[in-house]
Amino acid sequence: MNNYDIIIIGAGPAGCSAALTLQHSNKRIALFDKETFPREKICGDGICDRSINTLNSISEDYYTEFIEQFKPHPIQKTSLVYKGKHHILNFKNFGYTCKRKDFDAFLFGLVKRDCSEIDIYEKTAISTIKKVDSKINISTADGDTYSAKMVIIANGAKSKLAAELQNTAWEKSSNGVAVRAYFSGVSDVQDDMIELHYKKEFFPGYFWIFPIEKNICNVGFGYHLKQADKHLFSIQDIFNLWIETDSQLKQRFQHAKMESKLQGGLIPYNSNNFDCAGDNYMITGDAASLIDPISGGGIGSAMYSGHTAAQTAEACINDLDCSYNSTQQYESQLKARIQQEIKIRHRIQKVISHMPFTLDVCAALAKNQKLLDRISSWYLR
């Protein structure tokens, strides 16, 4: 059996942020991922301020390298569209848009280049995980076994490994689903603005248009699974119907061309549950259901959680205490950083879902630009 101080399972934004944070820790570390990079990831491709702030916290050079390599679109405005009217939220720097396939490969490339002391196992799926005395043992699909004092779970939505450690079942009611495709030729797109389109019958879902690069947009639709079950149409059908039945969108997509397949993926919304640590383990990113219940954004919280879990793991190893008494510090830091915003946004999601007419109230209030500006500053706090 191969023994490590820390094992990271998953090399997405959470797992790579953890690995990059630990690159100078002088600990024996392994990083596993079931895929090879680059790999597709269904996402709106928004790299928000929290993602950038975390990347900066790990290394300012990484942020500079990201900007120089991708020259991503800076996003400074969000248009909330309801009944054909655009309500603009202005941000000094909301973040950027960049294809997740490229961003994830960029982060993983940094790990491969700069984390020479970390053992990297690509295309290596973990099939079992088990707590044994003061360590956690894992086995791969090929039958190889590994052991670690601390394991950071970062393997994405509907993580069976997280469920096994916590002895919990997956709950459909706290998850959503999204589809997206890349389009060229969508008209009236502003390079520095993302669009979120809402309808009463599909809330808390929304249709989005995110500019990615010259003449290319990420276009998608995300919806709560519980709400989706109430409709006769599939989420793919709703996506197409939204374009065909909305007069403004129909005109804007008249000469557009779909440049990729329409693909789907899960959205594990956070419902104010931060039970994501225990003896010898911490759960991060989508595996910990850290996605914003209103915007559907999760990259920033994933990166922050990976970075924070890594710092906690290193402290636990140094202090010779990997029990929940120590790992719960990770939960406390997550709560301090994002719990308040999650509570408010989850409450908003529930209220509007149960009383759709409140969307009309929100739209009426949104006519006040000063109020919108206050919301903009609050949203990025």
# chains A, B, ... in the order shown; residues from 1 in each chain; ligands from 1
>>> closest_atom_pairs(of="segment 246-361 of chain A", to="segment 217-223 of chain A", cutoff="12 Å", atoms="only C-alpha atoms", output="JSON lines")
{"residue": "A:Leu249", "atom": "CA", "partner": "A:Val219", "partner_atom": "CA", "distance": 11.4}
{"residue": "A:Phe253", "atom": "CA", "partner": "A:Val219", "partner_atom": "CA", "distance": 10.7}
{"residue": "A:Ala256", "atom": "CA", "partner": "A:Cys217", "partner_atom": "CA", "distance": 10.0}
{"residue": "A:Lys257", "atom": "CA", "partner": "A:Cys217", "partner_atom": "CA", "distance": 10.4}
{"residue": "A:Met258", "atom": "CA", "partner": "A:Val219", "partner_atom": "CA", "distance": 9.4}
{"residue": "A:Glu259", "atom": "CA", "partner": "A:Cys217", "partner_atom": "CA", "distance": 9.6}
{"residue": "A:Ser260", "atom": "CA", "partner": "A:Asn218", "partner_atom": "CA", "distance": 9.9}
{"residue": "A:Lys261", "atom": "CA", "partner": "A:Val219", "partner_atom": "CA", "distance": 11.3}
{"residue": "A:Leu262", "atom": "CA", "partner": "A:Gly220", "partner_atom": "CA", "distance": 8.5}
{"residue": "A:Gln263", "atom": "CA", "partner": "A:Gly220", "partner_atom": "CA", "distance": 9.2}
{"residue": "A:Gly264", "atom": "CA", "partner": "A:Gly222", "partner_atom": "CA", "distance": 9.2}
{"residue": "A:Gly265", "atom": "CA", "partner": "A:Gly222", "partner_atom": "CA", "distance": 9.3}
{"residue": "A:Leu266", "atom": "CA", "partner": "A:Gly222", "partner_atom": "CA", "distance": 9.2}
{"residue": "A:Ile267", "atom": "CA", "partner": "A:Gly222", "partner_atom": "CA", "distance": 8.2}
{"residue": "A:Pro268", "atom": "CA", "partner": "A:Tyr223", "partner_atom": "CA", "distance": 11.1}
{"residue": "A:Tyr269", "atom": "CA", "partner": "A:Tyr223", "partner_atom": "CA", "distance": 10.7}
{"residue": "A:Pro293", "atom": "CA", "partner": "A:Tyr223", "partner_atom": "CA", "distance": 10.4}
{"residue": "A:Ile294", "atom": "CA", "partner": "A:Tyr223", "partner_atom": "CA", "distance": 10.5}
{"residue": "A:Ser295", "atom": "CA", "partner": "A:Gly222", "partner_atom": "CA", "distance": 9.5}
{"residue": "A:Gly296", "atom": "CA", "partner": "A:Gly222", "partner_atom": "CA", "distance": 7.8}
{"residue": "A:Gly297", "atom": "CA", "partner": "A:Gly222", "partner_atom": "CA", "distance": 10.9}
{"residue": "A:Gln349", "atom": "CA", "partner": "A:Tyr223", "partner_atom": "CA", "distance": 11.6}
{"residue": "A:Ser353", "atom": "CA", "partner": "A:Tyr223", "partner_atom": "CA", "distance": 11.4}
>>> select_by_dssp(residues="segment 225-335 of chain A", states="alpha helix (DSSP H)", output="JSON, numbers by chain")
{"A": [225, 226, 227, 228, 235, 236, 237, 238, 239, 240, 241, 242, 243, 244, 245, 247, 248, 249, 250, 251, 252, 299, 300, 301, 302, 303, 304, 305, 306, 307, 308, 309, 310, 311, 312, 313, 314, 315, 316, 317, 318, 324, 325, 326, 327, 328, 329, 330, 331, 332, 333, 334]}
>>> residues_around(residues="segment 160-174 of chain A", least_positions_apart="6", cutoff="7 Å", atoms="only C-alpha atoms", output="ChimeraX atom specification")
/A:129,153,225-226,268-269,271,283,287
>>> residues_around(residues="Phe274 of chain A", least_positions_apart="2", cutoff="7 Å", atoms="only C-alpha atoms", output="list in words")
Asn272, Cys276 and Glu331 of chain A
>>> closest_residue(among="A:Lys199, A:Gly156, A:Ile58, A:Thr64", to="Lys85 of chain A", atoms="only C-alpha atoms")
A:Lys199
>>> residues_around(residues="Asp142 of chain A", least_positions_apart="3", cutoff="12 Å", atoms="only C-alpha atoms", output="JSON, numbers by chain")
{"A": [34, 123, 124, 125, 126, 127, 128, 138, 139, 145]}
>>> select_by_dssp(residues="segment 132-330 of chain A", states="strand (DSSP E or B)", output="MDAnalysis selection string")
chainID A and resid 132 135:140 145:153 175:184 193:198 206:213 216:224 257:258 263:269 277:278 281:283 291
>>> closest_residue(among="A:Pro211, A:Pro204, A:Pro13, A:Gly278", to="Leu110 of chain A", atoms="only C-alpha atoms")
A:Pro13
>>> closest_residue(among="A:Met193, A:Asn175, A:Gln251, A:Thr36", to="Ser289 of chain A", atoms="only C-alpha atoms")
A:Asn175
>>> closest_residue(among="A:Ile152, A:Lys135, A:Ile212, A:Arg252", to="Tyr330 of chain A", atoms="only C-alpha atoms")
A:Ile152
>>> closest_atom_pairs(of="segment 120-235 of chain A", to="segment 68-76 of chain A", cutoff="10 Å", atoms="only C-alpha atoms", output="CSV")
residue,atom,partner,partner_atom,distance
A:Gln190,CA,A:Ile75,CA,9.6
A:Asp191,CA,A:His73,CA,6.6
A:Asp192,CA,A:Ile75,CA,4.5
A:Met193,CA,A:Ile75,CA,5.5
A:Ile194,CA,A:Ile75,CA,7.1
A:Phe210,CA,A:Ile75,CA,9.4
A:Pro211,CA,A:His73,CA,7.6
A:Ile212,CA,A:His73,CA,6.7
A:Glu213,CA,A:His73,CA,7.1
A:Lys214,CA,A:His73,CA,9.5
>>> write_last_selection(atoms="N, CA and C atoms", output="PDB file, in the first residue's frame")
ATOM      1  N   GLN A 190     -22.971  42.334 -25.704  1.00  0.00           N
ATOM      2  CA  GLN A 190     -21.919  43.229 -25.227  1.00  0.00           C
ATOM      3  C   GLN A 190     -20.807  42.405 -24.597  1.00  0.00           C
ATOM      4  N   ASP A 191     -19.570  42.672 -24.987  1.00  0.00           N
ATOM      5  CA  ASP A 191     -18.438  41.875 -24.528  1.00  0.00           C
ATOM      6  C   ASP A 191     -18.228  41.918 -23.020  1.00  0.00           C
ATOM      7  N   ASP A 192     -18.641  43.002 -22.370  1.00  0.00           N
ATOM      8  CA  ASP A 192     -18.388  43.140 -20.935  1.00  0.00           C
ATOM      9  C   ASP A 192     -19.624  42.864 -20.092  1.00  0.00           C
ATOM     10  N   MET A 193     -20.635  42.207 -20.689  1.00  0.00           N
ATOM     11  CA  MET A 193     -21.892  41.985 -19.961  1.00  0.00           C
ATOM     12  C   MET A 193     -22.415  40.561 -20.159  1.00  0.00           C
ATOM     13  N   ILE A 194     -22.789  39.921 -19.057  1.00  0.00           N
ATOM     14  CA  ILE A 194     -23.474  38.636 -19.139  1.00  0.00           C
ATOM     15  C   ILE A 194     -24.971  38.876 -18.966  1.00  0.00           C
ATOM     16  N   PHE A 210     -23.564  34.255 -22.210  1.00  0.00           N
ATOM     17  CA  PHE A 210     -22.280  34.760 -21.726  1.00  0.00           C
ATOM     18  C   PHE A 210     -21.321  34.902 -22.904  1.00  0.00           C
ATOM     19  N   PRO A 211     -20.820  36.101 -23.200  1.00  0.00           N
ATOM     20  CA  PRO A 211     -19.809  36.247 -24.259  1.00  0.00           C
ATOM     21  C   PRO A 211     -18.501  35.605 -23.819  1.00  0.00           C
ATOM     22  N   ILE A 212     -17.901  34.808 -24.698  1.00  0.00           N
ATOM     23  CA  ILE A 212     -16.683  34.081 -24.345  1.00  0.00           C
ATOM     24  C   ILE A 212     -15.476  34.603 -25.120  1.00  0.00           C
ATOM     25  N   GLU A 213     -15.616  34.700 -26.401  1.00  0.00           N
ATOM     26  CA  GLU A 213     -14.551  35.228 -27.256  1.00  0.00           C
ATOM     27  C   GLU A 213     -15.211  35.857 -28.466  1.00  0.00           C
ATOM     28  N   LYS A 214     -14.446  36.385 -29.361  1.00  0.00           N
ATOM     29  CA  LYS A 214     -15.019  37.110 -30.491  1.00  0.00           C
ATOM     30  C   LYS A 214     -16.082  36.288 -31.215  1.00  0.00           C
TER      31      LYS A 214
END
